[in-house]
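Trainee: This structure is in structure tokens; I'll ask about it shortly.
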Amino acid sequence: MTHIPPPAEELRLIDAELWQLDARRAQLLARRAWLVAALQPRRTHPSRQSPQPQWQAPTPAALPRPEASAPSVQNVLLVLGGVLLTVAAMVFTLVSWGHLGITGRALVLGAVTVAALGAPLLLLKRGLRSTAESVAGLGLALTVLDAVALHGAVFLETPGAPYTALASALLSGLWIAYSFLPGADALRLPRPAALVAAQLPLFFWAIAADAGSFGLTAALLVTAGCDTVLALRVTSRSVRVVATIGAYGVGGTGALAAGWLTWSASGPSAAARAAALLLLAGAITLGAAWQGSRTATRAPGEEQSLGLALTAGLLAVAALGGVARSALPGVWTVPVHLALGIALLAVLRTARLPETVRRGLLWASGAVQALSLLWTLPVVGVVVLGPLSWASQAWTGTPPDARTAVTSHLTWPPYAGTVPLVLAALVGVLALAVRDTTWRPRALTAAPVLVWAALVTVPAVLELPYAAGLLIQGAATAGALAVAVSRSRTVELVPALVASASLALLSLATQSATLLTLGALVVLFAAASWRAAPVTVPAALGYAAALACATGAAAGWSAPHTALLVLTVPAVAALLAWRLDGSPATVPIEVTGAATALVAIGMAVTDLPMLALVLALCAVITAGTAVRENRRPLGYAATALFLLATWVRLAAWEVDLPEAYTLPVTIPALLVGHLRRRRVPETSSWTAYGPGLAATLLPSLVMAWDDPGWTRPLLLGLAALSLTLMGGGYSLQAPLVLGGSVLTLDALHELAPYIVQVADALPRWVPPALAGLLLLALGATYERRIRDVRRMRDILGRMS
């Protein structure tokens, strides 16, 4: 059994434990303060520190953080010193040079340059590498200033171009020799600087020799070739970086210049010389790609090798294509380049080439083919989209030829005569050359599209007769549809649909062509529906609707009468949907039928009697569709269409009685509600009969209040009385309440004149008195209820 001490004893025990805890806490705080002081860096001498209490931890001192590291400060100082010395040397050379004689000039130049170039050797021995690099940079800059000064003093009459070429070559050799001196090989600046100077001699020698554009371009390419060799061979990182930059920069400039020379060549001779330069650029690029793919340690990465091989292939195609372009008519420019691009596919049979180079050349071939395909798109676009203009000028006459038929509002692109040939060549490449398991299915998918594009452009390119153009485009459409259906690929149906739409628009030039073409399209897409029904059946129905419109126009029918012919398409669509119920084609067919029905309704809007007939027929078709188990909700749409047809017919008869519009709503609604209550007896009368009764009673009540006659109020009252009695007899709330309310309001409407007369005859004090009595009665009732509530509260209180 647990012993519980008295309160006084328990309080004494708690105080003793708290005192022990405070003593232990003081000891821990003192130990913590000592540890913090031991770990914290001291800012002042220990003897100068003020003693701290043992129970208070010292505040850590925030030491200032250095804003720059020592190496950074050193480099900045060295660079600034070198720059200032270089500026001083330039000022001396340009300003104070003339105050010295030839001997003084030579002594000053020699002494300063030798000192600047010799100092780094001594600094390296003392381990001052950064300082040595800065002084070496100053010495290299002084050699350049020496060369400038010598030209101004000694070789003043020498032209600038040859002197620059010779001086840059000598400086490059001098800096290279300097870098090989004993002890100077540790300097990293002289060799990259020598390589930079080596970029100038050939270019300025070409300028001095008046070599022209071709010579200057050749000098750039040769320089880039040397840079490429150094970038691939040297081991020094700084030299390799400078060589790579030079190869890309100088080589890219030379390649662009050679390309411009090829494009602007005035004849085969100039084109051949420019092509040689482009081939040189391509050879340099290909060599770099080849070497880079073989020596991955020092060469560009795989992506760079791939890009270099791609560039080399494009340069070769541009070079040889430029020669052919200068000798052939302009219409053959793209086919020749395409043939050269296809020729690059020969690398597939070359096993000696590295894999990266082969892929790069294959990508170059693909790029040429893609550019050729882009060149054909304007012609294909004109052929496909040009017939849109016939929609606004249908049946105006046969055009002279197929090209005129598609360019009535467009401009025919230049050099389009070889478009079918280019497309056919691309088809051949896709069908024969693409063997990769990944790309082969895509190639076989794209090939039929290109075949169709080639066929539809032939009539316009060759300016064939209009009828021949229709036949060829129809054959191309049928072929594209047959291929798509045989392969069961929905993607391939897109060209067939586009081609058929373009063909239908193109046939609008003449009446006979329109009827024959639309009929053929209906048969064609209907025949193809055994494999691709979700797409082809809606297309066939759409063209059938267009054929119905064209037939009505050809027969001279008005648009409202033609709408009856168009309604055959929704009827057929409903039958097909019933026959194919549950298949993927059901919904597209029903959507097409609904869209066609809307077109028919729109055509009949201008003729109210015909619009009523069209709406009624649409209601019949919709009701037939609603018979299916999974389309029962369409029964509401059928009812709405029947009602709308009735209203339109009444409007056509100029009927303005509201009951004529509301009773057709009320009767079906009451029948539907009665059937619902028979199936589901627990259905509320408001749900079953409320909407139908309100549809007629409320509009009639509104009209009765403004009707000065007695016929409508009397009939409305009798109808409301009948509903009230029926609701009471059958215990239905909705007829009882609605009928009683309408009966009361109708009676008030009839008694209103007499009520007004009585109100005028009464004294003016009677209405306020009646209102006061009413308020008193309500107040008494309210007080009595409060009293009853209080009495009940007291009784309940006594019970508790």
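Labeling convention for the structure tokens: chains A, B, ... as they appear, residues from 1 per chain, ligands from 1 in order of appearance.
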Name the residues in contact with Gly252 (chain A) at a cut-off of 9 Å, using only C-alpha atoms, excluding same-chain residues fewer than 4 positions from it; report them as an mmCIF file with C-alpha atoms, in the first residue's frame.
Mentor:
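Final file, part-v6.cif:
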data_model
loop_
_atom_site.group_PDB
_atom_site.id
_atom_site.type_symbol
_atom_site.label_atom_id
_atom_site.label_comp_id
_atom_site.auth_asym_id
_atom_site.auth_seq_id
_atom_site.Cartn_x
_atom_site.Cartn_y
_atom_site.Cartn_z
ATOM 1 C CA LEU A 221 39.868 27.894 -94.790
ATOM 2 C CA ALA A 224 40.985 26.946 -90.097
ATOM 3 C CA ALA A 247 38.779 26.517 -86.121
ATOM 4 C CA TYR A 248 35.118 27.242 -85.480
ATOM 5 C CA LEU A 256 29.826 31.185 -95.136
ATOM 6 C CA ALA A 257 31.951 33.167 -97.563
ATOM 7 C CA ALA A 281 35.601 23.255 -95.823
#
Trainee: What is the distance between CA of Leu315 (chain A) and CA of Ala255 (chain A), in Å to one decimal?
Mentor: 8.2 Å
Trainee: Quick one: everything within 9 Å of Ala324 (chain A), counting only C-alpha atoms, minus sequence neighbours fewer than 6 positions away in the same chain. Send it as a PyMOL selection string.
Mentor: chain A and resi 268+271+332-333+336-337
Trainee: Using N, CA and C atoms, can you export the residues from the last selection as a compact mmCIF listing (two decimals), in the first residue's frame?
Mentor:
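Final file, part-v5.txt:
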# COMPACT_ATOMS: atom_id res chain seq x y z
N PRO A 268 29.52 28.68 -114.66
CA PRO A 268 30.06 27.40 -114.18
C PRO A 268 31.47 27.50 -113.64
N ALA A 271 31.31 29.01 -110.21
CA ALA A 271 30.65 28.05 -109.34
C ALA A 271 31.58 26.89 -108.99
N TRP A 332 15.49 22.98 -111.88
CA TRP A 332 16.16 21.74 -111.49
C TRP A 332 17.05 21.91 -110.27
N THR A 333 17.03 23.07 -109.64
CA THR A 333 17.91 23.29 -108.49
C THR A 333 17.60 22.34 -107.35
N VAL A 336 18.29 18.53 -108.08
CA VAL A 336 19.72 18.19 -108.07
C VAL A 336 20.22 18.09 -106.63
N HIS A 337 19.89 19.05 -105.81
CA HIS A 337 20.31 18.99 -104.41
C HIS A 337 19.72 17.76 -103.71
Trainee: Considering only C-alpha atoms, tabulate each residue of region 348-380 of chain A that lies at most 8 Å from region 303-314 of chain A along with its nearest interatomic pair and the corresponding distance in Å to one decimal; arrange the rows by chain and ascending residue number and present them as JSON lines.
Mentor:
{"residue": "A:Thr356", "atom": "CA", "partner": "A:Leu306", "partner_atom": "CA", "distance": 5.6}
{"residue": "A:Val357", "atom": "CA", "partner": "A:Ala309", "partner_atom": "CA", "distance": 5.3}
{"residue": "A:Arg358", "atom": "CA", "partner": "A:Ala309", "partner_atom": "CA", "distance": 7.7}
{"residue": "A:Arg359", "atom": "CA", "partner": "A:Leu306", "partner_atom": "CA", "distance": 6.9}
{"residue": "A:Gly360", "atom": "CA", "partner": "A:Leu310", "partner_atom": "CA", "distance": 4.4}
{"residue": "A:Leu361", "atom": "CA", "partner": "A:Leu310", "partner_atom": "CA", "distance": 5.2}
{"residue": "A:Leu362", "atom": "CA", "partner": "A:Leu310", "partner_atom": "CA", "distance": 7.7}
{"residue": "A:Trp363", "atom": "CA", "partner": "A:Leu310", "partner_atom": "CA", "distance": 6.1}
{"residue": "A:Ala364", "atom": "CA", "partner": "A:Leu310", "partner_atom": "CA", "distance": 4.8}
{"residue": "A:Ser365", "atom": "CA", "partner": "A:Gly313", "partner_atom": "CA", "distance": 7.4}
{"residue": "A:Val368", "atom": "CA", "partner": "A:Leu314", "partner_atom": "CA", "distance": 7.6}
Trainee: Need the shell around Val384 (chain A): protein/DNA/RNA residues with any atom at most 10 Å away, counting only C-alpha atoms. Skip same-chain ones fewer than 6 positions apart. Format as a list in words?
Mentor: Pro378, Val406, Ala453, Val456, Thr457, Val498, Ala499, Ser500, Ala501, Ser502, Leu503, Leu505 and Leu506 of chain A
Trainee: Can you list, as JSON, numbers by chain, every residue of region 106-225 of chain A that DSSP puts in helix (DSSP H, G or I)?
Mentor: {"A": [106, 107, 108, 109, 110, 111, 112, 113, 114, 115, 116, 117, 118, 119, 120, 121, 122, 123, 124, 125, 129, 130, 131, 132, 133, 134, 135, 136, 137, 138, 139, 140, 141, 142, 143, 144, 145, 146, 147, 148, 149, 150, 151, 152, 153, 160, 161, 162, 163, 164, 165, 166, 167, 168, 169, 170, 171, 172, 173, 174, 175, 176, 177, 178, 179, 184, 185, 186, 190, 191, 192, 193, 194, 195, 196, 197, 201, 202, 203, 204, 205, 206, 207, 208, 212, 213, 214, 215, 216, 217, 218, 219, 220, 221, 222, 223, 224, 225]}
Trainee: Looking at A:Ala454, A:Ile589, A:Ala424, A:Leu187, which one is nearest to Val380 (chain A), with distances taken over only C-alpha atoms?
Mentor: A:Ala454
Trainee: Would you list the contacts of Asp607 (chain A) as a PyMOL selection string, taking every protein, DNA or RNA residue within 10 Å and counting only C-alpha atoms, but skipping same-chain residues closer than 4 positions in sequence?
Mentor: chain A and resi 558-561+603+611-612+652
Trainee: Set the distance at 10 Å and use only C-alpha atoms: which residues neighbour His409 (chain A) once local chain neighbours fewer than 3 positions away are removed? I'd like the list as a short mmCIF file (atom, residue, chain, number, x, y, z; two decimals) with all heavy atoms, in the first residue's frame.
Mentor:
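around_22.cif, freshly written:
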data_model
loop_
_atom_site.label_atom_id
_atom_site.label_comp_id
_atom_site.auth_asym_id
_atom_site.auth_seq_id
_atom_site.Cartn_x
_atom_site.Cartn_y
_atom_site.Cartn_z
N VAL A 382 -1.45 25.11 -102.54
CA VAL A 382 -2.27 25.78 -103.56
C VAL A 382 -3.23 24.79 -104.21
O VAL A 382 -4.42 25.09 -104.43
CB VAL A 382 -1.35 26.43 -104.62
CG1 VAL A 382 -2.16 26.88 -105.82
CG2 VAL A 382 -0.61 27.60 -104.02
N GLY A 386 -6.70 25.79 -102.98
CA GLY A 386 -7.18 26.67 -104.03
C GLY A 386 -8.65 26.49 -104.39
O GLY A 386 -9.37 27.46 -104.63
N PRO A 387 -9.18 25.23 -104.42
CA PRO A 387 -10.60 25.05 -104.77
C PRO A 387 -11.59 25.68 -103.80
O PRO A 387 -12.79 25.70 -104.10
CB PRO A 387 -10.74 23.51 -104.78
CG PRO A 387 -9.38 23.00 -105.10
CD PRO A 387 -8.45 23.95 -104.43
N LEU A 388 -11.14 26.17 -102.65
CA LEU A 388 -12.07 26.84 -101.73
C LEU A 388 -12.77 28.03 -102.39
O LEU A 388 -13.89 28.38 -102.02
CB LEU A 388 -11.32 27.31 -100.49
CG LEU A 388 -10.98 26.26 -99.43
CD1 LEU A 388 -10.07 26.85 -98.37
CD2 LEU A 388 -12.25 25.72 -98.79
N SER A 389 -12.12 28.64 -103.35
CA SER A 389 -12.72 29.81 -104.00
C SER A 389 -13.97 29.46 -104.78
O SER A 389 -14.81 30.33 -105.03
CB SER A 389 -11.69 30.46 -104.92
OG SER A 389 -11.27 29.54 -105.93
N TRP A 390 -14.14 28.17 -105.17
CA TRP A 390 -15.33 27.78 -105.93
C TRP A 390 -16.58 27.77 -105.06
O TRP A 390 -17.70 27.71 -105.60
CB TRP A 390 -15.12 26.41 -106.56
CG TRP A 390 -14.13 26.45 -107.69
CD1 TRP A 390 -12.86 26.00 -107.66
CD2 TRP A 390 -14.35 26.97 -108.99
NE1 TRP A 390 -12.25 26.22 -108.87
CE2 TRP A 390 -13.15 26.81 -109.73
CE3 TRP A 390 -15.44 27.57 -109.63
CZ2 TRP A 390 -13.00 27.22 -111.03
CZ3 TRP A 390 -15.30 27.97 -110.94
CH2 TRP A 390 -14.09 27.81 -111.63
N THR A 404 -5.57 26.66 -113.69
CA THR A 404 -6.49 27.78 -113.52
C THR A 404 -7.57 27.46 -112.50
O THR A 404 -8.03 28.34 -111.76
CB THR A 404 -7.12 28.14 -114.87
OG1 THR A 404 -6.09 28.37 -115.83
CG2 THR A 404 -7.97 29.38 -114.76
N ALA A 405 -7.97 26.20 -112.43
CA ALA A 405 -9.02 25.80 -111.50
C ALA A 405 -8.61 25.97 -110.04
O ALA A 405 -9.46 26.18 -109.17
CB ALA A 405 -9.41 24.35 -111.76
N VAL A 406 -7.32 25.89 -109.75
CA VAL A 406 -6.86 25.99 -108.35
C VAL A 406 -6.21 27.33 -108.05
O VAL A 406 -5.81 27.57 -106.90
CB VAL A 406 -5.88 24.85 -108.01
CG1 VAL A 406 -6.56 23.51 -108.16
CG2 VAL A 406 -4.63 24.92 -108.87
N TRP A 412 0.45 31.06 -108.54
CA TRP A 412 1.16 29.80 -108.72
C TRP A 412 2.64 30.00 -108.37
O TRP A 412 3.28 30.91 -108.85
CB TRP A 412 1.03 29.33 -110.16
CG TRP A 412 1.65 28.00 -110.44
CD1 TRP A 412 2.76 27.75 -111.17
CD2 TRP A 412 1.18 26.74 -109.98
NE1 TRP A 412 3.02 26.41 -111.21
CE2 TRP A 412 2.07 25.76 -110.48
CE3 TRP A 412 0.11 26.32 -109.20
CZ2 TRP A 412 1.91 24.40 -110.23
CZ3 TRP A 412 -0.05 24.97 -108.94
CH2 TRP A 412 0.84 24.04 -109.45
#
Trainee: Using only C-alpha atoms, which residues sit within 12 Å of Leu736 (chain A) once same-chain residues fewer than 5 positions away are excluded, as an MDAnalysis selection string?
Mentor: chainID A and resid 685:686 689:690 693 719:731 741:744
Trainee: Just how far from CA of Asp227 (chain A) is CA of Thr253 (chain A), in Å to one decimal?
Mentor: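 That distance, rounded to one decimal, is 13.6 Å.
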